[in-house]
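Shown below: structure_29.cif, with mmCIF, C-alpha atoms.
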data_start
#
loop_
_atom_site.label_atom_id
_atom_site.label_comp_id
_atom_site.auth_asym_id
_atom_site.auth_seq_id
_atom_site.Cartn_x
_atom_site.Cartn_y
_atom_site.Cartn_z
CA MET E 703 302.77 131.68 82.97
CA ALA E 704 299.96 131.74 85.52
CA THR E 705 298.51 134.96 86.92
CA ILE E 706 296.28 135.02 89.99
CA ARG E 707 294.37 138.21 90.73
CA LYS E 708 291.58 139.26 93.05
CA LEU E 709 288.48 140.67 91.37
CA PRO E 710 286.34 143.57 92.67
CA THR E 711 283.69 140.97 93.52
CA GLY E 712 286.03 139.33 96.01
CA LYS E 713 286.56 136.25 93.86
CA TRP E 714 289.90 135.09 92.47
CA GLN E 715 290.68 134.77 88.78
CA ALA E 716 293.40 132.47 87.50
CA GLN E 717 294.86 133.10 84.03
CA VAL E 718 297.17 130.66 82.26
CA ALA E 719 299.16 131.37 79.09
CA ARG E 720 301.55 128.69 77.84
CA ASN E 721 302.62 127.63 74.33
CA GLY E 722 300.14 130.04 72.76
CA VAL E 723 297.24 128.59 74.76
CA ARG E 724 295.33 130.96 77.04
CA ARG E 725 292.72 130.05 79.65
CA SER E 726 291.08 131.68 82.64
CA LYS E 727 288.66 130.67 85.36
CA THR E 728 287.20 132.32 88.47
CA PHE E 729 287.12 130.79 91.97
CA ASP E 730 285.85 131.66 95.42
CA ARG E 731 289.22 131.00 97.07
CA LYS E 732 292.78 131.86 96.07
CA ILE E 733 294.09 128.36 96.79
CA GLU E 734 291.52 126.90 94.37
CA ALA E 735 292.69 129.31 91.67
CA LYS E 736 296.33 128.33 92.22
CA ASP E 737 295.57 124.61 92.12
CA TRP E 738 293.59 124.97 88.90
CA ALA E 739 296.34 127.03 87.26
CA THR E 740 298.97 124.43 88.15
CA ILE E 741 296.93 121.60 86.64
CA GLU E 742 296.11 123.59 83.50
CA GLU E 743 299.75 124.51 82.91
CA ARG E 744 300.78 120.87 83.20
CA THR E 745 298.02 119.81 80.79
CA ILE E 746 299.21 122.33 78.20
CA LEU E 747 302.87 121.37 78.58
CA ASP E 748 301.96 117.68 78.21
CA GLY E 749 300.44 118.48 74.84
CA GLY E 750 296.80 117.90 75.86
CA SER E 751 295.72 121.12 74.15
CA VAL E 752 297.57 120.89 70.84
CA GLU E 753 294.31 120.44 68.98
CA ALA E 754 292.79 123.42 70.80
CA SER E 755 295.53 125.69 69.49
CA LYS E 756 294.95 124.76 65.84
CA ARG E 757 291.23 123.92 65.65
CA THR E 758 288.40 126.44 65.48
CA PHE E 759 284.94 126.22 66.98
CA ALA E 760 283.65 125.73 63.42
CA ASP E 761 285.71 122.51 63.20
CA VAL E 762 283.86 121.18 66.25
CA LEU E 763 280.46 122.23 64.95
CA LYS E 764 280.97 120.74 61.48
CA ARG E 765 282.31 117.42 62.77
CA TYR E 766 279.42 117.14 65.24
CA ALA E 767 276.89 117.84 62.46
CA ARG E 768 278.57 115.23 60.28
CA GLU E 769 279.09 112.45 62.82
CA VAL E 770 276.61 112.91 65.69
CA SER E 771 273.52 114.83 64.57
CA PRO E 772 272.39 112.37 61.85
CA SER E 773 271.85 109.66 64.48
CA LYS E 774 269.50 111.83 66.57
CA ARG E 775 265.75 112.32 66.13
CA GLY E 776 266.24 116.08 66.20
CA GLY E 777 269.21 115.85 63.88
CA ARG E 778 267.70 117.93 61.10
CA TRP E 779 267.05 120.86 63.46
CA GLU E 780 270.56 120.53 64.87
CA MET E 781 272.23 120.59 61.46
CA ILE E 782 270.25 123.66 60.39
CA ARG E 783 271.14 125.43 63.62
CA ILE E 784 274.81 124.40 63.38
CA GLU E 785 274.99 125.71 59.82
CA LYS E 786 273.81 129.06 61.18
CA PHE E 787 276.35 128.93 64.02
CA CYS E 788 279.12 128.43 61.45
CA ARG E 789 278.23 131.78 59.87
CA ASP E 790 278.60 133.54 63.23
CA PRO E 791 282.00 135.23 63.86
CA ILE E 792 282.46 133.12 67.00
CA ALA E 793 282.83 130.03 64.81
CA ASN E 794 286.22 131.34 63.63
CA THR E 795 287.54 131.45 67.20
CA LEU E 796 290.34 129.01 68.03
CA LEU E 797 289.30 126.51 70.69
CA SER E 798 292.17 127.72 72.85
CA ASP E 799 290.61 131.21 72.77
CA LEU E 800 287.04 130.03 73.35
CA THR E 801 286.85 131.10 76.99
CA PRO E 802 283.81 131.45 79.28
CA GLU E 803 284.20 135.21 78.88
CA GLU E 804 283.98 134.89 75.09
CA MET E 805 280.89 132.67 75.32
CA GLY E 806 279.35 135.08 77.82
CA ARG E 807 279.71 137.94 75.36
CA TRP E 808 278.11 135.80 72.64
CA ARG E 809 275.21 135.00 75.00
CA ASP E 810 274.63 138.68 75.79
CA LYS E 811 274.67 139.57 72.09
CA ARG E 812 272.11 136.86 71.27
CA LEU E 813 269.84 137.99 74.12
CA ARG E 814 269.53 141.32 72.36
CA GLU E 815 268.38 139.51 69.20
CA VAL E 816 266.14 136.63 70.32
CA LYS E 817 264.18 135.45 73.35
CA PRO E 818 265.91 133.80 76.33
CA GLY E 819 264.36 130.41 75.50
CA SER E 820 266.00 130.44 72.08
CA VAL E 821 269.38 131.36 73.58
CA ILE E 822 269.09 128.52 76.11
CA ARG E 823 268.42 126.00 73.32
CA GLU E 824 271.35 127.32 71.28
CA LEU E 825 273.71 127.21 74.26
CA ASN E 826 272.61 123.66 75.04
CA LEU E 827 273.44 122.57 71.49
CA MET E 828 276.78 124.38 71.53
CA SER E 829 277.58 122.80 74.89
CA ALA E 830 276.75 119.33 73.52
CA THR E 831 279.21 119.80 70.66
CA LEU E 832 281.95 121.00 72.99
CA THR E 833 281.33 118.19 75.48
CA THR E 834 281.75 115.68 72.65
CA ALA E 835 284.96 117.43 71.58
CA ARG E 836 286.22 117.11 75.15
CA ARG E 837 285.15 113.56 75.98
CA GLU E 838 285.47 111.73 72.68
CA TRP E 839 287.82 113.69 70.42
CA LYS E 840 290.14 115.07 73.15
CA TRP E 841 290.34 118.41 71.36
CA ILE E 842 289.77 120.42 74.55
CA SER E 843 290.16 119.75 78.26
CA ALA E 844 287.21 121.86 79.44
CA ASN E 845 283.86 123.04 78.13
CA PRO E 846 283.77 126.87 78.42
CA ILE E 847 279.96 126.95 78.39
CA SER E 848 279.83 125.00 81.67
CA ASP E 849 281.21 128.07 83.43
CA ILE E 850 278.77 130.68 82.15
CA ARG E 851 275.37 131.70 83.45
CA LYS E 852 272.40 130.50 81.42
CA PRO E 853 269.61 133.03 80.77
CA SER E 854 266.49 132.78 82.86
CA GLY E 855 263.90 130.80 80.92
CA THR E 856 260.60 132.23 79.85
CA GLN E 857 257.54 131.51 81.94
CA GLY E 858 255.94 128.19 81.06
CA ARG E 859 252.58 128.03 79.33
CA ASP E 860 249.48 127.18 81.28
CA ARG E 861 246.99 127.29 78.40
CA LEU E 862 244.02 124.98 78.78
CA ILE E 863 241.36 124.39 76.11
CA SER E 864 237.67 125.02 76.70
CA GLU E 865 234.95 122.69 75.44
CA GLN E 866 233.69 125.50 73.23
CA GLU E 867 237.12 125.87 71.60
CA ILE E 868 237.31 122.12 71.05
CA GLU E 869 233.89 122.14 69.41
CA ILE E 870 234.83 125.02 67.09
CA ILE E 871 238.16 123.44 66.04
CA VAL E 872 236.56 120.06 65.31
CA SER E 873 233.63 121.66 63.47
CA LEU E 874 235.94 123.66 61.18
CA ALA E 875 238.11 120.60 60.59
CA GLY E 876 235.07 118.76 59.23
CA ASP E 877 233.98 115.15 59.48
CA ASP E 878 235.31 113.99 56.10
CA HIS E 879 238.26 111.96 57.32
CA SER E 880 239.44 111.23 53.80
CA LYS E 881 240.63 114.86 53.79
CA ILE E 882 243.66 116.12 55.66
CA SER E 883 241.65 118.68 57.64
CA GLY E 884 239.27 115.99 58.90
CA ARG E 885 242.16 113.85 60.12
CA VAL E 886 243.75 116.89 61.76
CA GLY E 887 240.53 117.28 63.73
CA LEU E 888 240.76 113.64 64.84
CA ALA E 889 244.43 114.08 65.78
CA PHE E 890 243.47 117.12 67.87
CA LEU E 891 240.87 115.09 69.79
CA PHE E 892 243.22 112.11 70.11
CA ALA E 893 245.93 114.33 71.59
CA ILE E 894 243.56 115.66 74.23
CA GLU E 895 242.51 112.12 75.09
CA THR E 896 245.99 110.56 75.25
CA ALA E 897 248.50 113.39 75.98
CA MET E 898 250.53 112.16 73.01
CA ARG E 899 252.73 114.68 71.21
CA ALA E 900 252.10 115.66 67.59
CA GLY E 901 255.11 113.69 66.31
CA GLU E 902 254.06 110.61 68.29
CA ILE E 903 250.56 110.74 66.82
CA CYS E 904 251.86 111.17 63.28
CA GLY E 905 254.21 108.21 63.71
CA LEU E 906 251.53 105.83 64.99
CA HIS E 907 250.87 102.77 62.78
CA GLN E 908 247.93 100.40 62.98
CA GLY E 909 250.29 97.60 64.00
CA ASP E 910 251.28 99.65 67.05
CA ILE E 911 247.74 99.45 68.46
CA ASN E 912 246.37 96.47 70.36
CA THR E 913 242.61 96.87 70.16
CA ARG E 914 242.02 94.05 72.66
CA THR E 915 244.16 95.46 75.48
CA ARG E 916 243.63 99.10 74.39
CA VAL E 917 247.32 99.91 74.36
CA ALA E 918 249.36 101.86 71.79
CA VAL E 919 253.11 101.30 71.51
CA LEU E 920 255.13 104.41 70.70
CA ARG E 921 258.40 103.31 69.18
CA GLU E 922 259.81 106.81 68.63
CA THR E 923 259.37 109.41 71.36
CA LYS E 924 260.93 112.73 72.27
CA ASN E 925 263.33 111.21 74.79
CA GLY E 926 264.19 108.31 72.50
CA THR E 927 262.63 105.65 74.77
CA ALA E 928 259.69 103.58 73.55
CA ARG E 929 256.62 103.59 75.78
CA LYS E 930 253.15 102.08 75.93
CA VAL E 931 250.12 104.36 76.15
CA PRO E 932 246.80 103.06 77.55
CA LEU E 933 243.84 104.17 75.45
CA SER E 934 240.44 105.23 76.74
CA SER E 935 237.17 104.15 75.15
CA ARG E 936 236.91 107.60 73.55
CA ALA E 937 240.41 107.26 72.08
CA MET E 938 239.40 103.90 70.59
CA LEU E 939 236.34 105.54 68.99
CA ILE E 940 238.59 108.13 67.37
CA LEU E 941 240.79 105.37 65.95
CA ALA E 942 237.69 103.51 64.74
CA ALA E 943 236.89 106.46 62.48
CA LEU E 944 240.31 105.99 60.85
CA TYR E 945 239.77 102.24 60.43
CA LYS E 946 236.92 103.06 58.05
CA LEU E 947 239.36 104.56 55.57
CA PRO E 948 241.10 102.39 52.94
CA PRO E 949 243.96 100.32 54.48
CA THR E 950 247.42 101.88 54.60
CA ASN E 951 250.90 100.57 55.27
CA GLY E 952 251.88 103.98 56.59
CA PRO E 953 250.92 105.97 59.69
CA ILE E 954 247.29 105.51 60.68
CA PHE E 955 246.53 109.25 60.75
CA ARG E 956 248.12 109.58 57.28
CA LEU E 957 249.74 112.86 58.33
CA THR E 958 253.30 114.12 58.55
CA SER E 959 254.24 116.41 61.42
CA ARG E 960 254.54 119.28 58.95
CA GLN E 961 251.07 118.63 57.50
CA LEU E 962 249.56 118.44 60.96
CA ASP E 963 251.19 121.68 62.07
CA ALA E 964 250.37 123.67 58.91
CA ASN E 965 246.75 122.53 58.64
CA TYR E 966 246.07 122.89 62.35
CA ARG E 967 247.25 126.52 62.17
CA ILE E 968 244.88 127.19 59.25
CA ILE E 969 241.93 125.73 61.17
CA ARG E 970 242.87 127.54 64.38
CA ASP E 971 243.20 130.89 62.63
CA LYS E 972 239.82 130.42 60.95
CA ALA E 973 238.40 129.85 64.42
CA GLY E 974 239.96 133.11 65.61
CA ILE E 975 241.78 131.33 68.47
CA PHE E 976 245.24 132.65 67.67
CA ASP E 977 246.91 131.87 71.01
CA LEU E 978 246.20 128.12 70.96
CA ARG E 979 249.10 125.86 69.99
CA PHE E 980 248.67 122.18 69.14
CA HIS E 981 251.07 121.32 71.99
CA ASP E 982 248.58 122.91 74.41
CA THR E 983 246.57 119.70 73.98
CA ARG E 984 249.22 118.03 76.15
CA HIS E 985 248.59 120.52 78.95
CA GLU E 986 244.85 119.92 78.64
CA ALA E 987 245.23 116.14 78.50
CA ILE E 988 247.52 115.86 81.53
CA THR E 989 245.31 118.17 83.56
CA ARG E 990 242.30 115.99 82.72
CA LEU E 991 244.13 112.72 83.30
CA SER E 992 245.30 113.91 86.73
CA LYS E 993 241.68 113.56 87.87
CA LYS E 994 241.68 109.87 86.88
CA LEU E 995 245.22 108.67 87.59
CA ASP E 996 247.62 108.87 90.50
CA ILE E 997 250.97 110.57 89.93
CA LEU E 998 253.07 107.50 89.10
CA PRO E 999 250.65 105.94 86.56
CA LEU E 1000 250.17 109.38 84.99
CA ALA E 1001 253.93 109.97 84.66
CA ARG E 1002 254.34 106.53 83.10
CA MET E 1003 251.52 107.12 80.62
CA VAL E 1004 252.80 110.47 79.37
CA GLY E 1005 256.48 109.48 79.36
CA HIS E 1006 257.87 111.61 82.19
CA LYS E 1007 260.77 109.90 83.95
CA ASP E 1008 260.87 112.67 86.57
CA ILE E 1009 257.44 113.26 88.12
CA ARG E 1010 258.39 116.89 88.68
CA GLU E 1011 257.98 117.37 84.94
CA LEU E 1012 254.24 116.93 85.44
CA GLN E 1013 254.16 120.35 87.11
CA THR E 1014 254.92 121.90 83.73
CA TYR E 1015 251.74 120.45 82.23
CA TYR E 1016 249.37 120.28 85.19
CA ASN E 1017 247.51 123.57 84.82
CA GLU E 1018 244.39 123.22 86.97
CA THR E 1019 243.10 126.65 87.90
CA ALA E 1020 243.03 127.79 91.53
CA GLU E 1021 239.24 128.16 91.22
CA ASP E 1022 238.82 124.51 90.18
CA ILE E 1023 241.17 123.34 92.93
CA ALA E 1024 239.08 125.31 95.44
CA LYS E 1025 236.00 123.33 94.35
CA MET E 1026 237.87 120.08 95.08
CA LEU E 1027 238.24 121.14 98.71
CA ASP E 1028 234.49 121.02 99.38
#
As structure tokens, what does this structure read like?
Amino acid sequence: MATIRKLPTGKWQAQVARNGVRRSKTFDRKIEAKDWATIEERTILDGGSVEASKRTFADVLKRYAREVSPSKRGGRWEMIRIEKFCRDPIANTLLSDLTPEEMGRWRDKRLREVKPGSVIRELNLMSATLTTARREWKWISANPISDIRKPSGTQGRDRLISEQEIEIIVSLAGDDHSKISGRVGLAFLFAIETAMRAGEICGLHQGDINTRTRVAVLRETKNGTARKVPLSSRAMLILAALYKLPPTNGPIFRLTSRQLDANYRIIRDKAGIFDLRFHDTRHEAITRLSKKLDILPLARMVGHKDIRELQTYYNETAEDIAKMLD
């Protein structure tokens, strides 16, 4: 049966309970609530939610980890996170009982445990699994996460890197490029020069670089789309230092992402610059490149399909912008 009631907020809540399946949703107008309830009741009676009444959220999570995650670049992170989700009490909830209210309570609980950014990432992954269950597996007719409020994200970083900090990092890394630390120093400089991400640098092979046209081809990127990166003369000099090492069939920097991250942290901590992340090189690089390139060429170079994304990484100070006005 469907129940329509007015909430203290002035909105209207529709509740449907048929064949052991319960759902609810809130609307601005009563007529919208009635229409939704009618459609939902018919869906349940037609058998569209049979799976939802016998499957748990854990069933969705495990199938997604088994069938979808392995094909994604971030699959390993997803599977680790999903394994943790499956240990959470909410995983035992039947899909028919997985309402927006239930997900809202889970969100509020997680916000007391971790930062909003972490909760947003977890909700996005959960939502992806439920969307797949709705679109491809037909286990549910609606994604409950689409009706809940996402936490406000944390303020973006605007950390730039001074020339003195660059000099200290490179000095501590050393100039022996046969050692991991020396190549980490080169990767640090290369990132500042090209705005490439750590994973993109670590995945770069010599065959991906055209020394004549000064272009590097990135075959695996964060958004899954290959792109070409123009290289400056300074970037070519950095690569030339690597060409002096014995030939390799593997990545030219001879580093895994884990090696780069761990060794960079060691060097950074020795320098006493504890607030500097390797990814801050992307902020520094894009801010520098903005002085040389117009918006569209810059977005193409760094792999931003939406030029508004550049605002996240363009961190010119107000003082420096004031100097441009003279």
Requested in this report: Identify all residues satisfying the PyMOL selection byres ((chain E and resi 1012) around 10) in the given file; provide them as a PyMOL selection string.
Outcome: chain E and resi 985+988-989+992+997+1000-1001+1004-1011+1013-1017
Requested in this report: Using the chain letters and numbers from the file, give me the residues hit by the PyMOL selection byres ((chain E and resi 871) around 8), as a PyMOL selection string.
Outcome: chain E and resi 867-870+872-875+887+969-970+973
Report task. Between E:Arg1002, E:Arg936, E:Lys811, E:Lys993, single out the one closest to Leu888 in chain E, counting all atoms listed in the file. Result -> E:Arg936
Query raised in the report: If you measure from CA of Ile847 in chain E to CA of Ser773 in chain E, what distance in Å do you get, rounded to one decimal?
Result: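 Going from CA of Ile847 in chain E over to CA of Ser773 in chain E, I get 23.6 Å.
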**Report entry** Residues within 10 Å of Thr705 in chain E, only C-alpha atoms, excluding chain neighbours under 6 positions, as a PyMOL selection string
**Finding:** chain E and resi 715-719+726+735-736+739
Report task. Extract, using all atoms listed in the file, all DNA, RNA and protein residues at most 12 Å from Val770 in chain E, discarding same-chain residues fewer than 5 positions from it, and format them as a PyMOL selection string. Result -> chain E and resi 762-765+775-778+780-781+784+827+830-831+834-835+838
